[in-house]
>>> print(open('coords-v4.cif').read())   # mmCIF, C-alpha atoms and all ligand atoms
data_protein
loop_
_atom_site.label_atom_id
_atom_site.label_comp_id
_atom_site.auth_asym_id
_atom_site.auth_seq_id
_atom_site.Cartn_x
_atom_site.Cartn_y
_atom_site.Cartn_z
CA MET M 1 0.00 0.00 0.00
CA SER M 2 1.37 3.40 -0.82
CA ASP M 3 -1.05 5.52 1.22
CA SER M 4 0.68 8.73 2.17
CA PRO M 5 1.87 8.59 5.78
CA PRO M 6 0.05 10.72 8.44
CA VAL M 7 3.36 12.08 9.71
CA ARG M 8 6.31 13.61 7.93
CA LEU M 9 8.74 10.88 6.93
CA ARG M 10 12.03 11.55 5.18
CA PRO M 11 10.91 11.69 1.54
CA GLU M 12 13.66 9.33 0.37
CA ILE M 13 12.52 6.76 2.96
CA ALA M 14 8.83 7.13 2.07
CA ALA M 15 9.81 6.44 -1.54
CA LEU M 16 11.97 3.42 -0.66
CA ALA M 17 10.55 -0.07 -1.18
CA ALA M 18 11.17 -2.49 1.70
CA TYR M 19 13.59 -5.38 1.10
CA ARG M 20 11.82 -8.02 -0.94
CA GLN M 21 12.31 -11.57 0.32
CA GLY M 22 12.31 -14.61 -2.00
CA ARG M 23 8.87 -16.21 -2.51
CA ASN M 24 8.02 -19.53 -0.92
CA PRO M 25 7.64 -22.45 -3.31
CA PRO M 26 4.39 -24.26 -4.07
CA GLU M 27 3.60 -27.28 -1.87
CA GLY M 28 6.23 -30.00 -2.41
CA GLY M 29 8.39 -27.64 -4.47
CA PHE M 30 11.80 -26.12 -3.83
CA LYS M 31 12.79 -22.62 -2.76
CA LEU M 32 15.62 -21.56 -5.03
CA SER M 33 15.14 -17.83 -4.52
CA SER M 34 17.28 -16.86 -1.53
CA ASN M 35 20.63 -18.65 -1.96
CA GLU M 36 19.99 -20.62 1.20
CA ASN M 37 21.93 -23.73 2.08
CA PRO M 38 19.69 -26.74 1.32
CA PHE M 39 21.29 -28.91 4.04
CA PRO M 40 19.60 -28.98 7.45
CA PRO M 41 21.67 -27.82 10.43
CA LEU M 42 24.32 -30.22 11.73
CA PRO M 43 22.86 -32.13 14.72
CA GLN M 44 25.59 -30.68 16.98
CA VAL M 45 24.53 -27.16 16.02
CA ALA M 46 20.82 -27.83 16.46
CA GLU M 47 21.45 -29.41 19.89
CA ARG M 48 23.56 -26.50 21.11
CA VAL M 49 20.94 -23.98 20.01
CA ALA M 50 18.17 -25.99 21.66
CA ALA M 51 20.25 -26.12 24.86
CA ALA M 52 20.46 -22.32 25.05
CA THR M 53 17.79 -21.81 27.69
CA ALA M 54 18.74 -18.51 29.36
CA LEU M 55 16.31 -16.72 27.10
CA ASN M 56 15.44 -14.24 29.85
CA ARG M 57 19.02 -12.89 29.73
CA TYR M 58 20.53 -10.49 27.22
CA PRO M 59 23.25 -11.94 24.99
CA ASP M 60 26.93 -11.08 25.40
CA GLY M 61 26.95 -7.82 23.47
CA ALA M 62 30.69 -8.08 22.89
CA ALA M 63 30.40 -11.66 21.53
CA ALA M 64 33.67 -12.24 23.37
CA ALA M 65 34.00 -16.01 22.93
CA LEU M 66 33.16 -15.93 19.24
CA ARG M 67 35.41 -12.96 18.54
CA GLN M 68 38.29 -14.70 20.29
CA ARG M 69 37.69 -17.78 18.20
CA LEU M 70 37.55 -15.77 14.97
CA ALA M 71 40.61 -13.73 15.96
CA ASP M 72 42.60 -16.97 16.43
CA ARG M 73 41.33 -18.24 13.11
CA HIS M 74 42.47 -15.14 11.25
CA GLY M 75 45.64 -14.49 13.24
CA VAL M 76 44.51 -11.07 14.43
CA ASP M 77 43.65 -9.38 17.71
CA THR M 78 40.02 -9.53 18.92
CA SER M 79 39.84 -5.77 18.32
CA SER M 80 40.10 -6.57 14.60
CA ILE M 81 36.88 -8.65 14.66
CA HIS M 82 33.36 -7.22 14.76
CA VAL M 83 30.28 -9.47 14.93
CA ALA M 84 26.80 -8.38 13.80
CA ALA M 85 23.38 -9.81 12.99
CA GLY M 86 24.29 -10.93 9.48
CA SER M 87 26.43 -9.19 6.93
CA VAL M 88 23.52 -7.00 5.87
CA SER M 89 23.80 -5.45 9.35
CA LEU M 90 27.53 -5.10 8.88
CA LEU M 91 27.04 -3.35 5.55
CA ALA M 92 24.50 -0.98 7.10
CA GLN M 93 26.82 -0.17 9.97
CA PHE M 94 29.92 0.50 7.87
CA ILE M 95 28.00 2.57 5.32
CA GLN M 96 26.46 4.67 8.09
CA ALA M 97 29.81 5.07 9.81
CA ALA M 98 31.51 6.37 6.67
CA ALA M 99 28.89 8.02 4.45
CA GLY M 100 26.14 10.56 5.03
CA PRO M 101 24.39 13.29 3.06
CA GLY M 102 26.54 14.53 0.19
CA ASP M 103 28.79 11.46 0.26
CA GLU M 104 28.89 8.75 -2.37
CA VAL M 105 28.89 4.99 -2.03
CA LEU M 106 30.12 3.23 -5.14
CA HIS M 107 29.25 -0.30 -6.15
CA SER M 108 28.76 -2.38 -9.26
CA TRP M 109 25.31 -3.06 -10.67
CA ARG M 110 23.68 -5.50 -10.81
CA SER M 111 24.87 -6.55 -7.45
CA PHE M 112 23.34 -7.37 -4.07
CA GLU M 113 19.82 -5.89 -3.93
CA ALA M 114 20.29 -4.63 -0.37
CA TYR M 115 23.05 -2.13 -1.27
CA PRO M 116 20.96 0.72 -2.75
CA GLY M 117 18.49 0.75 0.16
CA LEU M 118 21.24 0.74 2.77
CA VAL M 119 22.89 3.71 1.06
CA THR M 120 19.60 5.63 0.97
CA VAL M 121 18.91 4.95 4.64
CA ALA M 122 22.34 6.38 5.48
CA GLY M 123 21.34 9.55 3.60
CA ALA M 124 24.20 9.06 1.16
CA THR M 125 24.13 8.86 -2.64
CA GLY M 126 24.63 5.57 -4.43
CA VAL M 127 26.76 5.42 -7.56
CA ARG M 128 26.11 2.28 -9.57
CA VAL M 129 28.68 1.17 -12.10
CA PRO M 130 27.27 -1.26 -14.69
CA ASN M 131 28.82 -4.73 -14.83
CA ASP M 132 30.68 -5.81 -17.93
CA ALA M 133 29.05 -8.13 -20.47
CA GLU M 134 30.03 -11.18 -18.42
CA GLY M 135 28.29 -9.88 -15.31
CA ALA M 136 31.61 -9.04 -13.67
CA HIS M 137 32.57 -5.81 -11.90
CA ASP M 138 33.98 -3.35 -14.44
CA VAL M 139 36.88 -2.29 -12.29
CA ASP M 140 38.20 0.35 -14.68
CA ALA M 141 34.78 1.99 -14.86
CA MET M 142 34.59 1.83 -11.06
CA ILE M 143 37.95 3.58 -10.81
CA SER M 144 36.74 6.26 -13.26
CA ALA M 145 33.58 6.76 -11.17
CA VAL M 146 35.51 7.64 -8.02
CA SER M 147 35.11 11.29 -7.05
CA ASP M 148 36.21 13.41 -4.12
CA ARG M 149 32.82 12.60 -2.55
CA THR M 150 33.40 8.83 -2.62
CA ARG M 151 33.54 7.50 0.93
CA VAL M 152 32.78 3.80 0.45
CA VAL M 153 33.40 1.30 -2.37
CA ILE M 154 31.65 -2.05 -2.10
CA VAL M 155 33.19 -5.03 -3.88
CA CYS M 156 31.03 -8.15 -4.04
CA THR M 157 32.90 -11.33 -4.97
CA PRO M 158 31.47 -13.69 -6.08
CA ASN M 159 28.89 -11.17 -7.22
CA ASN M 160 25.24 -11.72 -6.33
CA PRO M 161 23.32 -12.28 -8.64
CA THR M 162 25.68 -12.83 -11.60
CA GLY M 163 28.09 -15.27 -9.91
CA ALA M 164 31.24 -13.67 -11.35
CA VAL M 165 34.28 -13.09 -9.19
CA VAL M 166 36.46 -9.98 -9.11
CA PRO M 167 39.87 -11.33 -10.15
CA GLN M 168 42.59 -10.74 -7.58
CA ALA M 169 44.58 -8.58 -10.04
CA ASP M 170 41.53 -6.34 -10.67
CA PHE M 171 40.92 -5.96 -6.96
CA ASP M 172 44.57 -5.06 -6.40
CA ARG M 173 44.35 -2.49 -9.21
CA LEU M 174 41.23 -0.97 -7.65
CA LEU M 175 42.91 -0.68 -4.24
CA GLU M 176 45.96 0.84 -5.86
CA ALA M 177 43.82 3.51 -7.59
CA LEU M 178 41.68 4.44 -4.58
CA PRO M 179 42.63 7.15 -2.11
CA ASP M 180 43.58 5.26 1.04
CA ASP M 181 41.04 7.13 3.17
CA VAL M 182 38.16 5.58 1.21
CA LEU M 183 36.57 2.59 2.95
CA VAL M 184 36.48 -0.58 0.85
CA LEU M 185 33.98 -3.24 1.90
CA LEU M 186 34.89 -6.64 0.50
CA ASP M 187 31.62 -8.59 0.63
CA GLU M 188 32.59 -12.25 0.55
CA ALA M 189 29.20 -13.78 1.34
CA TYR M 190 29.88 -16.67 -1.08
CA ARG M 191 33.65 -17.07 -0.77
CA GLU M 192 33.48 -20.67 0.45
CA PHE M 193 31.91 -21.70 -2.86
CA SER M 194 34.57 -20.02 -5.01
CA THR M 195 37.66 -22.14 -4.34
CA GLY M 196 39.88 -22.12 -7.42
CA SER M 197 38.18 -19.09 -9.00
CA GLY M 198 41.16 -16.74 -8.81
CA GLY M 199 38.86 -14.17 -7.19
CA ALA M 200 40.00 -11.58 -4.69
CA ASP M 201 40.75 -13.23 -1.37
CA GLY M 202 39.95 -11.50 1.91
CA ASP M 203 42.53 -13.66 3.67
CA LEU M 204 45.22 -11.82 1.67
CA VAL M 205 43.75 -8.50 2.84
CA VAL M 206 43.98 -9.69 6.44
CA ALA M 207 47.57 -10.85 5.87
CA ALA M 208 48.46 -7.39 4.50
CA GLN M 209 46.78 -5.77 7.50
CA ARG M 210 48.97 -7.81 9.84
CA GLU M 211 51.84 -5.86 8.21
CA GLY M 212 50.07 -2.53 8.65
CA ARG M 213 48.88 -2.24 5.03
CA LEU M 214 45.35 -1.97 3.51
CA ARG M 215 43.92 -0.47 6.66
CA ASN M 216 41.06 1.01 4.62
CA VAL M 217 39.70 -2.42 3.64
CA VAL M 218 37.16 -4.37 5.71
CA VAL M 219 36.41 -8.01 4.93
CA LEU M 220 32.79 -9.11 5.44
CA ARG M 221 31.86 -12.74 6.07
CA THR M 222 28.56 -14.39 6.91
CA PHE M 223 27.40 -17.62 8.51
CA SER M 224 24.18 -17.46 6.46
CA LYS M 225 25.22 -19.20 3.25
CA ALA M 226 27.98 -21.81 3.35
CA TRP M 227 27.61 -22.29 7.09
CA GLY M 228 23.85 -22.73 6.86
CA LEU M 229 22.78 -20.41 9.70
CA ALA M 230 20.61 -17.95 7.78
CA ALA M 231 17.78 -18.15 10.32
CA LEU M 232 20.01 -17.05 13.19
CA ARG M 233 21.41 -13.88 11.57
CA ILE M 234 25.13 -13.74 12.23
CA GLY M 235 28.17 -12.51 10.34
CA TYR M 236 31.46 -10.78 11.06
CA ALA M 237 33.95 -8.24 9.80
CA VAL M 238 37.75 -8.33 9.91
CA GLY M 239 39.57 -5.03 9.68
CA ASP M 240 41.26 -2.11 11.36
CA PRO M 241 40.13 -1.72 15.00
CA ALA M 242 39.37 2.00 14.65
CA VAL M 243 37.27 1.42 11.54
CA LEU M 244 35.39 -1.41 13.26
CA ALA M 245 34.82 0.83 16.26
CA GLY M 246 33.04 3.27 13.95
CA ALA M 247 30.70 0.54 12.75
CA ARG M 248 30.12 -0.67 16.31
CA SER M 249 29.03 2.83 17.33
CA THR M 250 26.24 2.76 14.75
CA ALA M 251 25.04 -0.73 15.75
CA ILE M 252 21.79 -1.46 17.54
CA PRO M 253 23.11 -2.80 20.85
CA LEU M 254 22.70 -6.49 21.73
CA SER M 255 21.26 -7.49 18.37
CA VAL M 256 23.39 -10.63 17.96
CA THR M 257 21.56 -13.30 19.94
CA GLU M 258 23.17 -15.87 22.22
CA PRO M 259 21.88 -18.86 20.18
CA ALA M 260 23.44 -17.29 17.08
CA GLN M 261 26.81 -16.87 18.81
CA LEU M 262 26.71 -20.44 20.12
CA ALA M 263 25.72 -21.86 16.74
CA ALA M 264 28.60 -20.01 15.06
CA LEU M 265 31.07 -21.39 17.62
CA VAL M 266 29.84 -24.99 17.19
CA SER M 267 29.89 -24.58 13.41
CA LEU M 268 33.54 -23.51 13.54
CA ASP M 269 34.22 -26.73 15.50
CA HIS M 270 32.68 -28.70 12.65
CA GLU M 271 34.13 -26.81 9.74
CA ASP M 272 35.22 -29.97 7.89
CA ALA M 273 31.71 -31.42 7.86
CA LEU M 274 30.29 -28.11 6.66
CA LEU M 275 32.92 -27.72 3.96
CA GLU M 276 32.01 -31.16 2.61
CA ARG M 277 28.52 -29.81 2.06
CA VAL M 278 29.88 -26.69 0.42
CA ASP M 279 31.87 -28.94 -1.89
CA ALA M 280 28.74 -30.96 -2.75
CA ILE M 281 26.84 -27.75 -3.56
CA ALA M 282 29.72 -26.41 -5.69
CA ARG M 283 29.87 -29.68 -7.65
CA ARG M 284 26.10 -29.62 -8.12
CA ARG M 285 26.41 -26.02 -9.39
CA ASP M 286 29.10 -27.01 -11.89
CA THR M 287 26.94 -29.86 -13.19
CA VAL M 288 24.00 -27.49 -13.58
CA TRP M 289 26.16 -24.90 -15.29
CA ARG M 290 27.53 -27.42 -17.82
CA ALA M 291 24.00 -28.60 -18.60
CA LEU M 292 22.83 -24.99 -19.06
CA VAL M 293 25.68 -24.26 -21.44
CA ALA M 294 24.72 -27.40 -23.39
CA GLN M 295 21.18 -25.99 -23.62
CA GLY M 296 22.64 -22.85 -25.21
CA TRP M 297 22.67 -20.49 -22.24
CA PRO M 298 25.54 -18.03 -22.65
CA VAL M 299 26.39 -18.05 -18.97
CA PRO M 300 29.91 -17.55 -17.65
CA ARG M 301 31.02 -19.99 -14.98
CA PRO M 302 29.25 -19.19 -11.70
CA TRP M 303 31.18 -19.13 -8.42
CA GLY M 304 28.46 -18.74 -5.77
CA ASN M 305 25.71 -21.19 -4.80
CA PHE M 306 23.46 -19.91 -7.60
CA VAL M 307 23.30 -19.49 -11.37
CA TRP M 308 22.30 -16.42 -13.36
CA LEU M 309 20.01 -16.86 -16.35
CA PRO M 310 19.85 -13.75 -18.55
CA VAL M 311 16.37 -13.46 -20.06
CA PRO M 312 16.14 -9.82 -21.12
CA GLY M 313 12.53 -8.82 -21.61
CA ASP M 314 11.05 -12.13 -20.45
CA ALA M 315 12.10 -12.57 -16.82
CA GLY M 316 8.52 -12.62 -15.53
CA GLU M 317 7.41 -15.26 -17.99
CA ALA M 318 10.55 -17.30 -17.34
CA ALA M 319 9.96 -17.16 -13.57
CA GLU M 320 6.45 -18.51 -14.18
CA VAL M 321 7.88 -21.47 -16.10
CA PHE M 322 9.97 -22.35 -13.05
CA HIS M 323 7.06 -21.74 -10.70
CA ARG M 324 4.83 -24.14 -12.65
CA ARG M 325 7.50 -26.80 -12.07
CA GLY M 326 7.45 -26.09 -8.34
CA LEU M 327 10.58 -23.94 -8.25
CA THR M 328 10.67 -20.46 -6.79
CA VAL M 329 13.47 -18.37 -8.28
CA ARG M 330 14.51 -14.74 -7.96
CA GLU M 331 13.28 -12.61 -10.81
CA PHE M 332 14.99 -9.38 -11.85
CA ALA M 333 12.42 -7.60 -13.97
CA GLY M 334 13.52 -7.19 -17.55
CA GLU M 335 16.90 -8.80 -16.97
CA GLY M 336 16.96 -12.37 -15.80
CA LEU M 337 16.62 -14.96 -13.08
CA ARG M 338 18.86 -15.99 -10.25
CA VAL M 339 18.40 -19.65 -9.40
CA SER M 340 19.93 -21.02 -6.19
CA ILE M 341 21.58 -24.42 -6.13
CA GLY M 342 19.33 -26.31 -3.77
CA GLU M 343 18.44 -29.92 -3.04
CA GLN M 344 19.71 -32.58 -5.44
CA GLU M 345 16.06 -33.45 -6.09
CA SER M 346 15.47 -29.97 -7.53
CA VAL M 347 18.12 -30.24 -10.24
CA ASP M 348 16.16 -32.15 -12.90
CA ASP M 349 13.22 -29.77 -12.56
CA LEU M 350 15.58 -26.79 -12.75
CA LEU M 351 17.11 -28.03 -16.00
CA ARG M 352 13.72 -28.90 -17.52
CA ALA M 353 12.42 -25.41 -16.70
CA ALA M 354 15.56 -23.80 -18.16
CA GLN M 355 15.11 -25.86 -21.35
CA GLU M 356 11.48 -24.77 -21.56
CA VAL M 357 12.56 -21.13 -21.31
CA VAL M 358 15.06 -21.64 -24.14
CA GLU M 359 12.27 -23.09 -26.27
CA PHE M 360 9.75 -20.34 -25.61
CA ARG M 361 12.36 -17.70 -26.36
CA GLN M 362 13.34 -19.41 -29.61
CA ALA M 363 9.67 -19.37 -30.57
CA ALA M 364 9.49 -15.63 -29.82
CA PRO M 365 10.02 -12.92 -32.46
CA PRO M 366 13.74 -12.45 -33.30
CA GLU M 367 14.21 -9.08 -31.61
CA ALA M 368 13.23 -10.62 -28.27
CA SER M 369 15.26 -13.81 -28.63
CA VAL M 370 18.67 -12.64 -27.48
CA LEU M 371 19.48 -15.06 -24.70
C1 LIG I 401 23.25 -13.23 1.35
C2 LIG I 401 24.17 -12.08 1.20
C3 LIG I 401 24.67 -11.40 2.31
C4 LIG I 401 24.49 -11.94 3.67
O1 LIG I 401 23.44 -11.70 4.31
P1 LIG I 401 23.27 -12.00 5.87
O2 LIG I 401 22.75 -10.72 6.37
O3 LIG I 401 24.60 -12.34 6.44
O4 LIG I 401 22.32 -13.13 5.90
C5 LIG I 401 25.59 -10.38 2.16
N1 LIG I 401 26.01 -10.04 0.93
C6 LIG I 401 25.56 -10.66 -0.16
C7 LIG I 401 26.10 -10.27 -1.48
C8 LIG I 401 24.63 -11.69 -0.06
O5 LIG I 401 24.18 -12.28 -1.15
#
>>> encode(input="coords-v4.cif", output="structure tokens", more="lines below")
Ligand SMILES: *Cc1c(COP(=O)(O)O)cnc(C)c1O
Amino acid sequence: MSDSPPVRLRPEIAALAAYRQGRNPPEGGFKLSSNENPFPPLPQVAERVAAATALNRYPDGAAAALRQRLADRHGVDTSSIHVAAGSVSLLAQFIQAAAGPGDEVLHSWRSFEAYPGLVTVAGATGVRVPNDAEGAHDVDAMISAVSDRTRVVIVCTPNNPTGAVVPQADFDRLLEALPDDVLVLLDEAYREFSTGSGGADGDLVVAAQREGRLRNVVVLRTFSKAWGLAALRIGYAVGDPAVLAGARSTAIPLSVTEPAQLAALVSLDHEDALLERVDAIARRRDTVWRALVAQGWPVPRPWGNFVWLPVPGDAGEAAEVFHRRGLTVREFAGEGLRVSIGEQESVDDLLRAAQEVVEFRQAAPPEASVL
């Protein structure tokens, strides 16, 4: 409903659509619209969460045990780790800490749908740099788009929704070109799925920071995707303590729950079991990708837990084809579909739906048949 509000809201907020969540699938179908991990929680994680009974108490706002664990893992001090309720919260906090009215936040487009809204809420101005033809960040165009108002540059690798990585050399070139007082947020929500991609690696950023370099870069990680904890809302940042302190000052206090902290700790104890699942999803993705290419889809190799199907002009109709087969996918009006790699049982239906889309587009008039 777009009734005008009875009180004066900030006009840019009144005009802003709320974040749109992926649809639920039809009965017996599969939800492939939110890049969720199709595996149920590890029993050890579920048990630990169920055993968290002090629900009348506030959580540890400093997330001390988890931060210590993450600090050990990354070879940094606990002051270089900041935990928040998912990496969307982290993004919001860092953008608010660094950019306000008159400032610019630069990111590629298409990229993560949450970015533009977060920038607007901060009162800042978003600058969207179109991806190249392969759906990858156009790093040279990003460099050209930097102005003296640029305060934040977001780099999403692998990129949601196109699945392309930002090659390490491109990332290095971007960092080289940026003034070193501009905050760079390296959003690695899908990094665990991108082994072998040659994409920019946040671990190298952290290694450089141990030597006092790249202090303007913050690495963002989440437990929502590879680690399968999307329901609990938890993620973390690694970076310069003074930069993290800025983000922490903008945070809503005590928003990372105790069950989320415990689940993250237990998950880190069982990393090998979780990485086996990540490996299974990545192999499933590669199988799907090869089958799509065989169907004629011109899609570059995807590196997240999803595939991008460009269907310019027909995304709505294509989404309906999937929906009729019981699959909910994410539709980007006029551009294409993002289809998550879900349960093994969803794969045949996914490929049949994709084939059906190829056929209806071939039957369409020539000007609309560019895949
Ligand atoms: C899913 C996703 C996130 C993570 O979201 P959480 O808030 O941690 O669940 C962050 N960035 C991108 C690009 C994503 O796709």
>>> residues_near_ligand(input="coords-v4.cif", ligand="ligand LIG 401 (chain I)", cutoff="7 Å", atoms="only C-alpha atoms and all ligand atoms", output="PDB file with C-alpha atoms, in the coordinates of the input")
ATOM      1  CA  ASN M  35      20.630 -18.650  -1.960  1.00  0.00           C
ATOM      2  CA  ALA M  85      23.380  -9.810  12.990  1.00  0.00           C
ATOM      3  CA  GLY M  86      24.290 -10.930   9.480  1.00  0.00           C
ATOM      4  CA  SER M  87      26.430  -9.190   6.930  1.00  0.00           C
ATOM      5  CA  VAL M  88      23.520  -7.000   5.870  1.00  0.00           C
ATOM      6  CA  SER M  89      23.800  -5.450   9.350  1.00  0.00           C
ATOM      7  CA  PHE M 112      23.340  -7.370  -4.070  1.00  0.00           C
ATOM      8  CA  CYS M 156      31.030  -8.150  -4.040  1.00  0.00           C
ATOM      9  CA  ASN M 159      28.890 -11.170  -7.220  1.00  0.00           C
ATOM     10  CA  ASN M 160      25.240 -11.720  -6.330  1.00  0.00           C
ATOM     11  CA  ASP M 187      31.620  -8.590   0.630  1.00  0.00           C
ATOM     12  CA  GLU M 188      32.590 -12.250   0.550  1.00  0.00           C
ATOM     13  CA  ALA M 189      29.200 -13.780   1.340  1.00  0.00           C
ATOM     14  CA  THR M 222      28.560 -14.390   6.910  1.00  0.00           C
ATOM     15  CA  PHE M 223      27.400 -17.620   8.510  1.00  0.00           C
ATOM     16  CA  SER M 224      24.180 -17.460   6.460  1.00  0.00           C
ATOM     17  CA  LYS M 225      25.220 -19.200   3.250  1.00  0.00           C
ATOM     18  CA  ALA M 230      20.610 -17.950   7.780  1.00  0.00           C
ATOM     19  CA  ARG M 233      21.410 -13.880  11.570  1.00  0.00           C
ATOM     20  CA  ILE M 234      25.130 -13.740  12.230  1.00  0.00           C
ATOM     21  CA  GLY M 235      28.170 -12.510  10.340  1.00  0.00           C
TER      22      GLY M 235
END
>>> atom_distance(input="coords-v4.cif", atom1="CA of Ile281 in chain M", atom2="CA of Pro38 in chain M")
8.7 Å
>>> residues_around(input="coords-v4.cif", residues="Arg210 in chain M", least_positions_apart="3", cutoff="9 Å", atoms="only C-alpha atoms", output="compact mmCIF listing (two decimals) with C-alpha atoms, keeping the file's coordinate frame")
# COMPACT_ATOMS: atom_id res chain seq x y z
CA GLY M 75 45.64 -14.49 13.24
CA VAL M 76 44.51 -11.07 14.43
CA VAL M 205 43.75 -8.50 2.84
CA VAL M 206 43.98 -9.69 6.44
CA ALA M 207 47.57 -10.85 5.87
CA ARG M 213 48.88 -2.24 5.03
>>> atom_distance(input="coords-v4.cif", atom1="CA of Pro116 in chain M", atom2="CA of Val307 in chain M")
22.1 Å
>>> closest_residue(input="coords-v4.cif", among="M:Ala247, M:Ser144, M:Leu268, M:Val238", to="Asp77 in chain M", atoms="all atoms listed in the file")
M:Val238
>>> residues_around(input="coords-v4.cif", residues="Arg149 in chain M", least_positions_apart="2", cutoff="10 Å", atoms="only C-alpha atoms", output="JSON, numbers by chain")
{"M": [99, 102, 103, 104, 105, 125, 146, 147, 151, 152, 182]}
>>> closest_residue(input="coords-v4.cif", among="M:Thr120, M:Gln93, M:Ser111, M:Asn56", to="Ile13 in chain M", atoms="only C-alpha atoms")
M:Thr120
>>> build_atoms(input="coords-v4.cif", residues="range 160-166 of chain M", atoms="all heavy atoms", output="PDB file, in the frame of the given file")
ATOM      1  N   ASN M 160      26.654 -11.357  -6.330  1.00  0.00           N
ATOM      2  CA  ASN M 160      25.240 -11.720  -6.330  1.00  0.00           C
ATOM      3  C   ASN M 160      24.523 -10.638  -7.149  1.00  0.00           C
ATOM      4  O   ASN M 160      24.643  -9.468  -6.810  1.00  0.00           O
ATOM      5  CB  ASN M 160      24.745 -11.726  -4.883  1.00  0.00           C
ATOM      6  CG  ASN M 160      23.254 -11.953  -4.763  1.00  0.00           C
ATOM      7  OD1 ASN M 160      22.579 -12.244  -5.731  1.00  0.00           O
ATOM      8  ND2 ASN M 160      22.739 -11.815  -3.549  1.00  0.00           N
ATOM      9  N   PRO M 161      23.792 -10.964  -8.207  1.00  0.00           N
ATOM     10  CA  PRO M 161      23.320 -12.280  -8.640  1.00  0.00           C
ATOM     11  C   PRO M 161      24.057 -12.912  -9.822  1.00  0.00           C
ATOM     12  O   PRO M 161      23.620 -13.964 -10.288  1.00  0.00           O
ATOM     13  CB  PRO M 161      21.897 -11.940  -9.120  1.00  0.00           C
ATOM     14  CG  PRO M 161      22.052 -10.600  -9.762  1.00  0.00           C
ATOM     15  CD  PRO M 161      23.128  -9.882  -8.940  1.00  0.00           C
ATOM     16  N   THR M 162      25.131 -12.318 -10.339  1.00  0.00           N
ATOM     17  CA  THR M 162      25.680 -12.830 -11.600  1.00  0.00           C
ATOM     18  C   THR M 162      26.672 -13.978 -11.404  1.00  0.00           C
ATOM     19  O   THR M 162      26.988 -14.684 -12.363  1.00  0.00           O
ATOM     20  CB  THR M 162      26.370 -11.696 -12.395  1.00  0.00           C
ATOM     21  OG1 THR M 162      27.390 -11.119 -11.562  1.00  0.00           O
ATOM     22  CG2 THR M 162      25.377 -10.616 -12.790  1.00  0.00           C
ATOM     23  N   GLY M 163      27.203 -14.138 -10.195  1.00  0.00           N
ATOM     24  CA  GLY M 163      28.090 -15.270  -9.910  1.00  0.00           C
ATOM     25  C   GLY M 163      29.540 -15.074 -10.311  1.00  0.00           C
ATOM     26  O   GLY M 163      30.370 -15.955 -10.085  1.00  0.00           O
ATOM     27  N   ALA M 164      29.862 -13.919 -10.913  1.00  0.00           N
ATOM     28  CA  ALA M 164      31.240 -13.670 -11.350  1.00  0.00           C
ATOM     29  C   ALA M 164      32.103 -13.251 -10.157  1.00  0.00           C
ATOM     30  O   ALA M 164      31.614 -12.612  -9.223  1.00  0.00           O
ATOM     31  CB  ALA M 164      31.260 -12.560 -12.396  1.00  0.00           C
ATOM     32  N   VAL M 165      33.375 -13.587 -10.222  1.00  0.00           N
ATOM     33  CA  VAL M 165      34.280 -13.090  -9.190  1.00  0.00           C
ATOM     34  C   VAL M 165      35.006 -11.841  -9.702  1.00  0.00           C
ATOM     35  O   VAL M 165      35.057 -11.588 -10.905  1.00  0.00           O
ATOM     36  CB  VAL M 165      35.341 -14.136  -8.761  1.00  0.00           C
ATOM     37  CG1 VAL M 165      34.688 -15.302  -8.037  1.00  0.00           C
ATOM     38  CG2 VAL M 165      36.183 -14.609  -9.930  1.00  0.00           C
ATOM     39  N   VAL M 166      35.558 -11.082  -8.769  1.00  0.00           N
ATOM     40  CA  VAL M 166      36.460  -9.980  -9.110  1.00  0.00           C
ATOM     41  C   VAL M 166      37.871 -10.582  -9.044  1.00  0.00           C
ATOM     42  O   VAL M 166      38.328 -10.962  -7.965  1.00  0.00           O
ATOM     43  CB  VAL M 166      36.337  -8.818  -8.098  1.00  0.00           C
ATOM     44  CG1 VAL M 166      37.349  -7.721  -8.412  1.00  0.00           C
ATOM     45  CG2 VAL M 166      34.911  -8.272  -8.088  1.00  0.00           C
TER      46      VAL M 166
END
